[in-house]
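For reference, entry.txt (compact mmCIF, C-alpha atoms):
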```txt
# COMPACT_ATOMS: atom_id res chain seq x y z
CA MET P 8 12.50 -22.93 36.71
CA ILE P 9 11.03 -26.35 37.47
CA ARG P 10 11.09 -28.61 34.42
CA LYS P 11 9.93 -31.90 35.98
CA LEU P 12 6.98 -31.92 38.38
CA LEU P 13 5.29 -34.74 40.27
CA TYR P 14 1.61 -33.90 40.77
CA LEU P 15 -0.37 -35.92 43.34
CA THR P 16 -4.11 -35.73 43.76
CA TYR P 17 -6.86 -37.84 45.34
CA ILE P 18 -9.72 -37.85 42.85
CA SER P 19 -10.54 -39.86 39.76
CA LEU P 20 -8.79 -38.26 36.80
CA GLU P 21 -11.14 -39.93 34.32
CA ASP P 22 -14.57 -38.90 35.68
CA ALA P 23 -16.19 -35.50 35.23
CA PRO P 24 -15.97 -33.36 38.39
CA THR P 25 -19.08 -33.34 40.58
CA SER P 26 -18.06 -30.79 43.22
CA GLY P 27 -15.72 -27.85 43.81
CA SER P 28 -13.25 -30.10 45.61
CA SER P 29 -12.86 -32.23 42.46
CA VAL P 30 -12.93 -29.32 39.99
CA ARG P 31 -9.83 -27.68 41.46
CA PRO P 32 -7.42 -30.66 41.09
CA LEU P 33 -8.47 -31.15 37.47
CA LYS P 34 -8.12 -27.45 36.63
CA MET P 35 -4.68 -27.35 38.25
CA LYS P 36 -3.64 -30.46 36.30
CA GLU P 37 -4.67 -28.84 33.03
CA ALA P 38 -2.96 -25.54 33.92
CA LEU P 39 0.30 -27.21 34.97
CA GLU P 40 0.41 -29.28 31.79
CA ASN P 41 -0.13 -26.13 29.71
CA LEU P 42 3.06 -24.59 31.12
CA GLY P 43 5.17 -26.76 28.85
CA ILE P 44 6.92 -28.65 31.64
CA GLU P 45 7.05 -32.41 32.21
CA VAL P 46 4.23 -33.28 34.63
CA LYS P 47 3.67 -36.79 35.96
CA THR P 48 0.17 -36.94 37.48
CA PHE P 49 -1.20 -39.58 39.83
CA GLY P 50 -4.82 -39.68 41.02
CA GLY P 51 -7.19 -42.15 42.60
CA ILE P 52 -10.10 -41.76 45.02
CA ASP P 53 -8.90 -41.23 48.58
CA ASN P 54 -11.26 -43.67 50.33
CA ASN P 55 -10.47 -46.52 47.90
CA ILE P 56 -7.58 -48.01 49.87
CA GLY P 57 -6.79 -50.66 47.27
CA LEU P 58 -6.54 -48.07 44.54
CA ARG P 59 -4.39 -45.76 46.70
CA LYS P 60 -1.98 -48.66 47.37
CA LYS P 61 -1.59 -49.15 43.63
CA THR P 62 -1.13 -45.40 43.11
CA VAL P 63 1.59 -45.08 45.75
CA ALA P 64 3.32 -48.21 44.42
CA ALA P 65 3.28 -46.71 40.91
CA VAL P 66 4.80 -43.45 42.17
CA LYS P 67 7.58 -45.29 44.02
CA LYS P 68 8.32 -47.38 40.93
CA LEU P 69 8.57 -44.22 38.83
CA LEU P 70 10.92 -42.56 41.34
CA LYS P 71 13.47 -45.34 40.74
CA THR P 72 14.06 -44.11 37.18
CA TRP P 73 12.72 -40.52 37.16
CA ARG P 74 13.53 -37.81 39.68
CA PRO P 75 11.14 -34.86 39.84
CA GLU P 76 12.53 -31.44 40.63
CA ALA P 77 9.50 -30.70 42.81
CA CYS P 78 6.13 -32.06 43.91
CA TYR P 79 2.74 -30.35 44.16
CA ILE P 80 -0.19 -31.94 46.02
CA GLU P 81 -3.95 -31.31 45.88
CA PRO P 82 -5.10 -33.38 48.88
CA PRO P 83 -8.58 -34.72 49.70
CA SER P 84 -11.08 -32.69 51.71
CA GLY P 85 -10.60 -34.99 54.67
CA PRO P 86 -7.61 -37.04 55.78
CA MET P 87 -5.54 -39.36 53.61
CA PHE P 88 -7.08 -42.69 54.55
CA TYR P 89 -4.20 -44.78 53.22
CA TYR P 90 -1.18 -44.10 55.39
CA GLY P 91 1.13 -45.02 52.52
CA ASP P 92 0.25 -41.60 51.05
CA VAL P 93 1.62 -39.93 54.18
CA ARG P 94 4.77 -42.04 54.10
CA LEU P 95 5.27 -41.06 50.45
CA ILE P 96 5.37 -37.38 51.45
CA LYS P 97 8.02 -38.18 54.06
CA GLN P 98 10.02 -40.11 51.45
CA LEU P 99 9.92 -37.21 48.97
CA HIS P 100 10.99 -34.75 51.66
CA LYS P 101 13.85 -37.00 52.78
CA ALA P 102 15.03 -37.20 49.17
CA GLY P 103 15.35 -33.41 49.08
CA ILE P 104 12.46 -32.83 46.65
CA PRO P 105 10.65 -29.51 47.35
CA ILE P 106 6.95 -30.01 48.09
CA SER P 107 3.97 -27.67 48.22
CA ILE P 108 0.39 -28.55 49.06
CA PHE P 109 -2.99 -26.84 48.88
CA TYR P 110 -4.70 -27.26 52.24
CA ARG P 111 -8.42 -27.09 51.67
CA ASP P 112 -10.06 -28.33 54.88
CA ALA P 113 -10.36 -26.85 58.37
CA TYR P 114 -13.61 -28.47 59.45
CA TRP P 115 -11.70 -30.83 61.75
CA LYS P 116 -10.60 -27.84 63.85
CA TYR P 117 -14.16 -26.59 64.20
CA PRO P 118 -16.49 -29.61 64.16
CA GLU P 119 -19.39 -27.56 65.52
CA TYR P 120 -19.61 -25.84 62.11
CA SER P 121 -19.45 -28.94 59.94
CA THR P 122 -22.99 -30.30 60.34
CA GLU P 123 -26.49 -29.20 61.24
CA LYS P 124 -27.65 -32.53 62.66
CA LYS P 125 -27.05 -34.31 65.94
CA LEU P 126 -24.58 -37.17 65.55
CA SER P 127 -25.17 -40.78 66.57
CA VAL P 128 -22.61 -42.60 68.72
CA THR P 129 -21.16 -44.28 65.62
CA GLU P 130 -20.98 -41.01 63.72
CA GLY P 131 -19.39 -39.30 66.73
CA LEU P 132 -16.72 -42.02 67.00
CA LYS P 133 -16.01 -41.81 63.28
CA ARG P 134 -15.59 -38.05 63.53
CA PHE P 135 -13.23 -38.44 66.50
CA LEU P 136 -11.02 -40.90 64.59
CA VAL P 137 -10.99 -38.74 61.46
CA LYS P 138 -10.01 -35.70 63.53
CA ARG P 139 -7.11 -37.60 65.12
CA MET P 140 -5.92 -38.59 61.64
CA GLN P 141 -6.10 -35.00 60.44
CA ILE P 142 -4.22 -33.65 63.45
CA HIS P 143 -1.45 -36.19 62.88
CA GLN P 144 -1.29 -35.52 59.16
CA TRP P 145 -1.22 -31.75 59.70
CA ASN P 146 1.86 -32.25 61.93
CA VAL P 147 3.45 -34.35 59.18
CA PHE P 148 2.74 -31.63 56.62
CA LYS P 149 4.30 -28.94 58.82
CA LYS P 150 7.54 -30.93 59.11
CA ASN P 151 7.82 -32.28 55.57
CA ILE P 152 6.21 -29.74 53.22
CA ASP P 153 7.96 -26.55 52.19
CA ILE P 154 4.94 -24.38 51.28
CA ILE P 155 1.37 -24.85 52.51
CA TYR P 156 -1.19 -22.95 50.45
CA PHE P 157 -4.58 -21.86 51.81
CA PRO P 158 -7.65 -20.60 49.94
CA SER P 159 -7.70 -17.32 51.89
CA ALA P 160 -5.68 -15.18 54.27
CA THR P 161 -8.46 -15.50 56.84
CA MET P 162 -8.13 -19.30 56.83
CA ALA P 163 -4.32 -19.14 56.86
CA LYS P 164 -4.47 -17.22 60.16
CA GLU P 165 -6.08 -20.29 61.75
CA PHE P 166 -2.93 -22.39 61.19
CA ASP P 167 0.69 -22.21 62.27
CA CYS P 168 3.42 -23.52 59.95
CA PRO P 169 6.87 -22.40 58.71
CA ARG P 170 5.67 -21.02 55.36
CA LYS P 171 2.09 -20.42 54.35
CA GLU P 172 0.73 -18.65 51.28
CA VAL P 173 -2.68 -17.89 49.78
CA LEU P 174 -3.65 -19.66 46.56
CA PRO P 175 -7.38 -19.25 45.87
CA PRO P 176 -9.27 -21.03 43.09
CA GLY P 177 -8.94 -19.73 39.54
CA ALA P 178 -10.99 -18.80 36.52
CA PHE P 179 -10.89 -20.19 32.99
CA MET P 180 -11.64 -18.82 29.54
CA ALA P 181 -15.21 -20.04 29.14
CA ARG P 182 -16.10 -20.40 25.48
CA ALA P 183 -19.60 -19.03 25.84
CA LYS P 184 -21.56 -16.49 23.83
CA GLU P 185 -21.36 -13.07 25.41
CA LYS P 186 -24.76 -11.65 26.24
CA THR P 187 -25.19 -8.23 24.62
CA ARG P 188 -28.56 -7.24 26.10
CA LEU P 189 -30.04 -7.68 29.55
CA SER P 190 -33.15 -9.82 29.88
CA LEU P 191 -36.46 -8.33 30.90
CA PRO P 192 -37.21 -9.47 33.54
CA LEU P 193 -33.62 -9.94 34.69
CA GLN P 194 -32.31 -13.52 34.58
CA PHE P 195 -30.31 -14.74 37.60
CA ILE P 196 -28.41 -18.01 37.96
CA PHE P 197 -27.19 -20.05 40.93
CA VAL P 198 -24.94 -23.12 40.60
CA GLY P 199 -24.16 -25.19 43.68
CA GLY P 200 -25.78 -27.10 46.50
CA ALA P 201 -29.34 -26.96 47.78
CA ALA P 202 -29.54 -26.71 51.56
CA ARG P 203 -30.64 -24.23 54.20
CA ASP P 204 -26.99 -23.49 54.94
CA HIS P 205 -26.23 -22.96 51.24
CA GLY P 206 -28.79 -20.16 51.13
CA THR P 207 -31.59 -21.91 49.26
CA PHE P 208 -34.30 -20.67 51.62
CA LEU P 209 -32.80 -17.18 51.81
CA THR P 210 -32.67 -16.95 48.02
CA ILE P 211 -36.17 -18.34 47.43
CA GLU P 212 -37.75 -16.07 50.07
CA ALA P 213 -35.98 -13.02 48.64
CA PHE P 214 -37.25 -13.70 45.11
CA GLU P 215 -40.74 -14.45 46.41
CA LYS P 216 -40.84 -10.93 47.84
CA LEU P 217 -39.25 -9.37 44.76
CA ASN P 218 -41.85 -10.99 42.50
CA LYS P 219 -44.88 -10.53 44.76
CA SER P 220 -46.56 -7.98 42.49
CA GLY P 221 -45.26 -9.32 39.20
CA VAL P 222 -42.15 -11.08 37.92
CA ARG P 223 -39.11 -8.76 38.08
CA GLY P 224 -36.40 -11.39 38.29
CA LYS P 225 -36.19 -15.04 37.21
CA VAL P 226 -33.83 -17.66 38.67
CA ILE P 227 -32.16 -20.68 37.10
CA TYR P 228 -31.29 -22.79 40.17
CA ILE P 229 -28.82 -25.59 39.37
CA CYS P 230 -28.20 -28.21 42.07
CA PRO P 231 -28.16 -31.99 42.69
CA ARG P 232 -31.61 -33.59 42.48
CA ASP P 233 -31.40 -35.37 45.85
CA GLN P 234 -30.47 -32.15 47.64
CA TRP P 235 -33.41 -30.23 46.18
CA GLU P 236 -35.88 -33.02 46.89
CA GLY P 237 -34.57 -33.22 50.46
CA LEU P 238 -35.69 -29.63 51.09
CA GLY P 239 -39.35 -30.42 50.55
CA LEU P 240 -39.89 -27.36 48.36
CA ASP P 241 -42.48 -27.63 45.60
CA LYS P 242 -40.99 -25.83 42.62
CA GLU P 243 -44.44 -25.69 41.03
CA ASN P 244 -45.27 -22.93 43.51
CA TYR P 245 -42.59 -20.77 41.90
CA ARG P 246 -42.92 -21.86 38.27
CA GLU P 247 -43.37 -18.30 36.97
CA TRP P 248 -39.85 -17.28 37.95
CA LEU P 249 -37.96 -20.38 39.11
CA GLU P 250 -36.38 -23.05 36.91
CA VAL P 251 -34.71 -25.87 38.86
CA ILE P 252 -32.22 -27.90 36.83
CA HIS P 253 -30.12 -30.88 37.89
CA THR P 254 -26.98 -30.95 35.77
CA SER P 255 -23.22 -30.37 35.92
CA GLY P 256 -20.15 -30.06 33.69
CA ASP P 257 -18.97 -27.11 31.62
CA GLU P 258 -20.74 -28.19 28.43
CA ASN P 259 -24.10 -28.57 30.17
CA LEU P 260 -23.72 -25.36 32.16
CA LYS P 261 -22.56 -23.17 29.27
CA PRO P 262 -25.97 -22.58 27.61
CA LEU P 263 -27.51 -21.84 31.02
CA TYR P 264 -24.82 -19.28 31.82
CA GLU P 265 -25.39 -17.72 28.41
CA LYS P 266 -28.99 -16.93 29.41
CA ALA P 267 -28.06 -15.27 32.70
CA ASP P 268 -27.47 -11.60 33.53
CA ILE P 269 -26.35 -12.01 37.16
CA ALA P 270 -24.96 -14.92 39.21
CA LEU P 271 -25.96 -15.55 42.83
CA LEU P 272 -24.18 -16.65 45.98
CA THR P 273 -26.62 -15.42 48.61
CA ALA P 274 -25.82 -17.71 51.53
CA PRO P 275 -26.12 -17.11 55.29
CA ARG P 276 -22.95 -15.86 56.90
CA THR P 277 -21.23 -18.39 59.19
CA PHE P 278 -17.89 -18.59 60.97
CA TYR P 279 -16.63 -21.14 58.46
CA ARG P 280 -18.02 -19.42 55.40
CA ASP P 281 -16.23 -16.22 56.40
CA PHE P 282 -12.87 -17.75 55.48
CA ALA P 283 -14.03 -20.05 52.70
CA VAL P 284 -13.43 -19.08 49.07
CA PRO P 285 -16.15 -20.71 46.94
CA ILE P 286 -14.84 -21.93 43.61
CA LYS P 287 -18.17 -20.83 42.13
CA ILE P 288 -17.11 -17.18 42.46
CA PHE P 289 -14.36 -17.83 39.94
CA GLU P 290 -16.61 -19.96 37.73
CA TYR P 291 -19.04 -17.05 37.58
CA MET P 292 -16.07 -14.82 36.71
CA SER P 293 -15.10 -17.29 33.98
CA TYR P 294 -18.46 -16.76 32.30
CA LEU P 295 -18.22 -12.96 32.78
CA LYS P 296 -21.30 -12.86 35.01
CA PRO P 297 -21.62 -10.04 37.58
CA ILE P 298 -22.11 -11.57 41.02
CA LEU P 299 -24.47 -10.80 43.92
CA VAL P 300 -23.13 -12.18 47.21
CA THR P 301 -23.83 -11.89 50.91
CA ASN P 302 -21.26 -10.37 53.24
CA CYS P 303 -19.18 -13.48 54.01
CA THR P 304 -15.71 -12.03 54.62
CA GLU P 305 -13.55 -13.56 51.87
CA THR P 306 -16.31 -13.81 49.26
CA ALA P 307 -17.21 -10.16 49.80
CA ARG P 308 -13.55 -9.13 49.62
CA ILE P 309 -13.00 -10.86 46.27
CA VAL P 310 -16.14 -9.33 44.76
CA GLU P 311 -15.37 -5.82 46.00
CA GLU P 312 -11.63 -5.79 45.24
CA ASN P 313 -12.22 -6.99 41.69
CA GLN P 314 -15.32 -4.83 41.14
CA VAL P 315 -17.26 -7.82 39.82
CA GLY P 316 -20.53 -7.46 41.71
CA TRP P 317 -22.38 -6.38 44.80
CA VAL P 318 -22.35 -7.30 48.48
CA THR P 319 -25.40 -7.30 50.70
CA ARG P 320 -26.20 -8.45 54.24
CA ASP P 321 -27.34 -12.05 54.72
CA ASP P 322 -31.00 -11.40 55.49
CA VAL P 323 -34.04 -11.51 53.22
CA GLU P 324 -34.84 -7.79 53.37
CA SER P 325 -31.29 -6.78 52.45
CA VAL P 326 -31.17 -9.20 49.52
CA VAL P 327 -34.56 -8.00 48.27
CA HIS P 328 -33.44 -4.37 48.52
CA LYS P 329 -30.37 -5.10 46.38
CA LEU P 330 -32.42 -7.09 43.85
CA GLU P 331 -34.85 -4.19 43.51
CA GLU P 332 -31.97 -1.77 43.04
CA LEU P 333 -30.54 -3.88 40.21
CA CYS P 334 -33.94 -4.20 38.55
CA ASP P 335 -34.46 -0.44 38.74
CA HIS P 336 -30.95 0.50 37.63
CA PRO P 337 -29.75 -1.86 34.86
CA GLU P 338 -26.91 0.56 34.08
CA LYS P 339 -25.24 -0.66 37.30
CA ILE P 340 -25.15 -4.16 35.86
CA ILE P 341 -23.55 -2.93 32.65
CA LYS P 342 -20.93 -0.98 34.62
CA VAL P 343 -19.90 -4.09 36.59
CA ARG P 344 -19.95 -6.27 33.50
CA ASN P 345 -17.31 -4.00 31.96
CA HIS P 346 -14.86 -5.11 34.70
CA MET P 347 -15.40 -8.84 34.23
CA GLU P 348 -12.86 -9.55 31.47
CA GLU P 349 -10.01 -7.87 33.35
CA ALA P 350 -10.93 -9.72 36.56
CA ARG P 351 -11.01 -13.06 34.74
CA ARG P 352 -7.64 -12.38 33.13
CA ASN P 353 -6.10 -11.61 36.54
CA HIS P 354 -7.33 -14.87 38.11
CA LEU P 355 -6.80 -17.59 35.51
CA TRP P 356 -5.81 -21.10 36.62
CA THR P 357 -2.69 -20.70 34.47
CA GLY P 358 -1.53 -17.91 36.77
CA ARG P 359 -2.08 -20.13 39.82
CA ALA P 360 -0.02 -22.91 38.24
CA GLU P 361 2.77 -20.53 37.22
CA ARG P 362 3.01 -19.31 40.79
CA VAL P 363 3.25 -22.84 42.22
CA VAL P 364 6.05 -23.74 39.80
CA ARG P 365 7.89 -20.46 40.37
CA GLU P 366 7.81 -20.75 44.17
CA LEU P 367 8.84 -24.41 44.11
CA GLY P 368 11.72 -23.38 41.85
CA GLN P 369 12.79 -20.81 44.42
CA ILE P 370 12.79 -23.50 47.12
CA LYS P 371 14.84 -25.79 44.86
CA GLN P 372 17.47 -23.07 44.29
CA SER P 373 17.80 -22.45 48.02
CA ILE P 374 18.44 -26.10 48.92
```
Take the structure from the file and write it as structure tokens.
Amino acid sequence: MIRKLLYLTYISLEDAPTSGSSVRPLKMKEALENLGIEVKTFGGIDNNIGLRKKTVAAVKKLLKTWRPEACYIEPPSGPMFYYGDVRLIKQLHKAGIPISIFYRDAYWKYPEYSTEKKLSVTEGLKRFLVKRMQIHQWNVFKKNIDIIYFPSATMAKEFDCPRKEVLPPGAFMARAKEKTRLSLPLQFIFVGGAARDHGTFLTIEAFEKLNKSGVRGKVIYICPRDQWEGLGLDKENYREWLEVIHTSGDENLKPLYEKADIALLTAPRTFYRDFAVPIKIFEYMSYLKPILVTNCTETARIVEENQVGWVTRDDVESVVHKLEELCDHPEKIIKVRNHMEEARRNHLWTGRAERVVRELGQIKQSI
């Protein structure tokens, strides 16, 4: 059993999370600390080189008087911009300290899937340099890190390394009022980004058709203000059934989740989305909300294996057909809702943290 753990991450530990990539490191920090072991955590925004220098210096100073039994890393979405962070990993490995890392980003391998716009010369050069950094750092990770975790088995197949494991996001025990009766019309909720690729247009068009002859389903659509305004959609056209809200954070989201019957993740299927595991799936699970998703491989697998929702094809007609089915057969919603507590219990962040510590302990024993 690991009793002393060094935990490295690349976000601000003081600010509220604003995206899935910042939620995960904070949830893992909380879960690791709740295990009752000694955890020394170091954060700091990745692209703030001055701050990263101070962070690495603080870690090295600590290592002179305190030796961790293992190290766990939640890296940034892109490369580590301060090379001192990479050297620190080499130093820890050389000192015989077992290391595991969650590897979240594969966009650099498939740049054609990372943007919808044509790049300028400057943007193209920047992308080239970032890709070279990520290739180099991936090679460093393969040589110096004992376990590399991936969000899904599908993504893990894209990489070659000595030991790889799957460690998806987790759920938490949301302290929200449990809804005892379904709304009439049904109340849906989406929390995430607003973009064509995120499924905004697909979702809006599907509900337009559903509600053509009268409101059968309402949507609370939660997203950043600038993203919604960038779409050019006039929410006044949908005011009968659409409520667009710009907020974030558990406390602000809780009352909105409490209103909802069903959560949405109806996004177009893409190569990249097939192996992605959206953290929102587990947030929806945290609030015990049955989930309607499109047939992106890993998202669909999670929903089906845990019996927490429904999967439909990623076109408007298929989504509308499923929405109509749920409106006509509310007993199907109740049936799925009965599985939600068990699913949440099986996927808590605490379980993810316990696994990391257990597997690092196994590495330590084998050294």
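Put simply, CA of Pro158 in chain P is 4.3 Å away from CA of Pro175 in chain P.
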Mind pulling up the distance from CA of Tyr264 in chain P to CA of Ala201 in chain P?
18.3 Å
List as number ranges by chain the protein and nucleic acid residues near range 221-224 of chain P, meaning an atom at most 10 Å away when all atoms listed in the file are counted, but skip any in the same chain fewer than 4 places from it.
P: 190-195, 214-217, 247-249, 330-331, 333-335
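Residues in contact with range 82-91 of chain P at up to 8 Å, not including ones fewer than 5 positions away on its chain and judged by all atoms listed in the file, are Leu15, Thr16, Tyr17, Ile18, Ser28, Asp53, Asn54, Ile56, Arg59, Lys60, Val63, Ile108, Phe109, Tyr110, Arg111, Asp112, Val137, Met140, Gln141 and Gln144 of chain P.
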Counting only C-alpha atoms, what is within 12 Å of Lys116 in chain P, bar same-chain residues fewer than 5 positions away, as a PDB file with C-alpha atoms, keeping the file's coordinate frame?
```pdb
ATOM      1  CA  GLY P  85     -10.600 -34.990  54.670  1.00  0.00           C
ATOM      2  CA  SER P 121     -19.450 -28.940  59.940  1.00  0.00           C
ATOM      3  CA  ARG P 134     -15.590 -38.050  63.530  1.00  0.00           C
ATOM      4  CA  PHE P 135     -13.230 -38.440  66.500  1.00  0.00           C
ATOM      5  CA  VAL P 137     -10.990 -38.740  61.460  1.00  0.00           C
ATOM      6  CA  LYS P 138     -10.010 -35.700  63.530  1.00  0.00           C
ATOM      7  CA  ARG P 139      -7.110 -37.600  65.120  1.00  0.00           C
ATOM      8  CA  MET P 140      -5.920 -38.590  61.640  1.00  0.00           C
ATOM      9  CA  GLN P 141      -6.100 -35.000  60.440  1.00  0.00           C
ATOM     10  CA  ILE P 142      -4.220 -33.650  63.450  1.00  0.00           C
ATOM     11  CA  TRP P 145      -1.220 -31.750  59.700  1.00  0.00           C
ATOM     12  CA  MET P 162      -8.130 -19.300  56.830  1.00  0.00           C
ATOM     13  CA  GLU P 165      -6.080 -20.290  61.750  1.00  0.00           C
ATOM     14  CA  PHE P 166      -2.930 -22.390  61.190  1.00  0.00           C
ATOM     15  CA  TYR P 279     -16.630 -21.140  58.460  1.00  0.00           C
TER      16      TYR P 279
END
```
With all atoms listed in the file as the counted atoms, please give the residues lying no more than 8 Å from Arg10 in chain P, apart from itself and same-chain residues fewer than 2 positions off, as number ranges by chain.
P: 8, 12, 44-45, 76
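Taking all atoms listed in the file into account, Lys61 in chain P lies nearest to P:Phe49 out of the set P:Lys261, P:Leu209, P:Phe49, P:Ala160.
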Hey, what's within 6 Å of range 315-324 of chain P if we count only C-alpha atoms and toss same-chain stuff fewer than 6 positions away? As a PyMOL selection string, please?
chain P and resi 209+213+275+297-302+343+347
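When CA of Ile104 in chain P is paired with CA of Lys164 in chain P, their separation reads 26.7 Å.
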Can you take the partial range 295-303 of chain P, add all heavy atoms, and return it as a PDB file, in the frame of the given file?
```
ATOM      1  N   LEU P 295     -18.036 -14.420  32.838  1.00  0.00           N
ATOM      2  CA  LEU P 295     -18.220 -12.960  32.780  1.00  0.00           C
ATOM      3  C   LEU P 295     -19.585 -12.539  33.327  1.00  0.00           C
ATOM      4  O   LEU P 295     -20.227 -11.617  32.800  1.00  0.00           O
ATOM      5  CB  LEU P 295     -18.041 -12.455  31.346  1.00  0.00           C
ATOM      6  CG  LEU P 295     -16.708 -12.829  30.667  1.00  0.00           C
ATOM      7  CD1 LEU P 295     -16.676 -12.304  29.235  1.00  0.00           C
ATOM      8  CD2 LEU P 295     -15.527 -12.277  31.458  1.00  0.00           C
ATOM      9  N   LYS P 296     -20.022 -13.191  34.404  1.00  0.00           N
ATOM     10  CA  LYS P 296     -21.300 -12.860  35.010  1.00  0.00           C
ATOM     11  C   LYS P 296     -21.097 -12.026  36.278  1.00  0.00           C
ATOM     12  O   LYS P 296     -20.443 -12.478  37.221  1.00  0.00           O
ATOM     13  CB  LYS P 296     -22.085 -14.137  35.369  1.00  0.00           C
ATOM     14  CG  LYS P 296     -22.418 -14.991  34.162  1.00  0.00           C
ATOM     15  CD  LYS P 296     -23.226 -14.222  33.131  1.00  0.00           C
ATOM     16  CE  LYS P 296     -23.356 -14.973  31.813  1.00  0.00           C
ATOM     17  NZ  LYS P 296     -24.063 -14.167  30.791  1.00  0.00           N
ATOM     18  N   PRO P 297     -21.645 -10.809  36.338  1.00  0.00           N
ATOM     19  CA  PRO P 297     -21.620 -10.040  37.580  1.00  0.00           C
ATOM     20  C   PRO P 297     -22.258 -10.854  38.701  1.00  0.00           C
ATOM     21  O   PRO P 297     -23.181 -11.647  38.462  1.00  0.00           O
ATOM     22  CB  PRO P 297     -22.473  -8.808  37.243  1.00  0.00           C
ATOM     23  CG  PRO P 297     -22.340  -8.660  35.762  1.00  0.00           C
ATOM     24  CD  PRO P 297     -22.282 -10.078  35.238  1.00  0.00           C
ATOM     25  N   ILE P 298     -21.773 -10.654  39.927  1.00  0.00           N
ATOM     26  CA  ILE P 298     -22.110 -11.570  41.020  1.00  0.00           C
ATOM     27  C   ILE P 298     -22.740 -10.803  42.191  1.00  0.00           C
ATOM     28  O   ILE P 298     -22.200  -9.796  42.644  1.00  0.00           O
ATOM     29  CB  ILE P 298     -20.842 -12.285  41.535  1.00  0.00           C
ATOM     30  CG1 ILE P 298     -20.028 -12.856  40.365  1.00  0.00           C
ATOM     31  CG2 ILE P 298     -21.209 -13.406  42.504  1.00  0.00           C
ATOM     32  CD1 ILE P 298     -18.595 -13.212  40.714  1.00  0.00           C
ATOM     33  N   LEU P 299     -23.848 -11.315  42.692  1.00  0.00           N
ATOM     34  CA  LEU P 299     -24.470 -10.800  43.920  1.00  0.00           C
ATOM     35  C   LEU P 299     -24.177 -11.791  45.041  1.00  0.00           C
ATOM     36  O   LEU P 299     -24.552 -12.958  44.944  1.00  0.00           O
ATOM     37  CB  LEU P 299     -25.979 -10.632  43.740  1.00  0.00           C
ATOM     38  CG  LEU P 299     -26.753 -10.237  45.001  1.00  0.00           C
ATOM     39  CD1 LEU P 299     -26.270  -8.899  45.557  1.00  0.00           C
ATOM     40  CD2 LEU P 299     -28.255 -10.193  44.726  1.00  0.00           C
ATOM     41  N   VAL P 300     -23.502 -11.308  46.099  1.00  0.00           N
ATOM     42  CA  VAL P 300     -23.130 -12.180  47.210  1.00  0.00           C
ATOM     43  C   VAL P 300     -23.554 -11.551  48.529  1.00  0.00           C
ATOM     44  O   VAL P 300     -23.800 -10.346  48.619  1.00  0.00           O
ATOM     45  CB  VAL P 300     -21.604 -12.441  47.257  1.00  0.00           C
ATOM     46  CG1 VAL P 300     -21.123 -13.059  45.960  1.00  0.00           C
ATOM     47  CG2 VAL P 300     -20.833 -11.150  47.551  1.00  0.00           C
ATOM     48  N   THR P 301     -23.630 -12.394  49.553  1.00  0.00           N
ATOM     49  CA  THR P 301     -23.830 -11.890  50.910  1.00  0.00           C
ATOM     50  C   THR P 301     -22.463 -11.594  51.527  1.00  0.00           C
ATOM     51  O   THR P 301     -21.432 -11.946  50.977  1.00  0.00           O
ATOM     52  CB  THR P 301     -24.610 -12.906  51.750  1.00  0.00           C
ATOM     53  OG1 THR P 301     -24.115 -14.224  51.476  1.00  0.00           O
ATOM     54  CG2 THR P 301     -26.100 -12.859  51.434  1.00  0.00           C
ATOM     55  N   ASN P 302     -22.472 -10.959  52.678  1.00  0.00           N
ATOM     56  CA  ASN P 302     -21.260 -10.370  53.240  1.00  0.00           C
ATOM     57  C   ASN P 302     -20.376 -11.347  54.014  1.00  0.00           C
ATOM     58  O   ASN P 302     -19.844 -11.018  55.074  1.00  0.00           O
ATOM     59  CB  ASN P 302     -21.628  -9.181  54.143  1.00  0.00           C
ATOM     60  CG  ASN P 302     -22.591  -9.569  55.255  1.00  0.00           C
ATOM     61  OD1 ASN P 302     -23.290 -10.573  55.171  1.00  0.00           O
ATOM     62  ND2 ASN P 302     -22.647  -8.757  56.300  1.00  0.00           N
ATOM     63  N   CYS P 303     -20.179 -12.550  53.473  1.00  0.00           N
ATOM     64  CA  CYS P 303     -19.180 -13.480  54.010  1.00  0.00           C
ATOM     65  C   CYS P 303     -17.804 -12.886  53.694  1.00  0.00           C
ATOM     66  O   CYS P 303     -17.555 -12.464  52.564  1.00  0.00           O
ATOM     67  CB  CYS P 303     -19.341 -14.853  53.384  1.00  0.00           C
ATOM     68  SG  CYS P 303     -21.005 -15.539  53.587  1.00  0.00           S
TER      69      CYS P 303
END
```
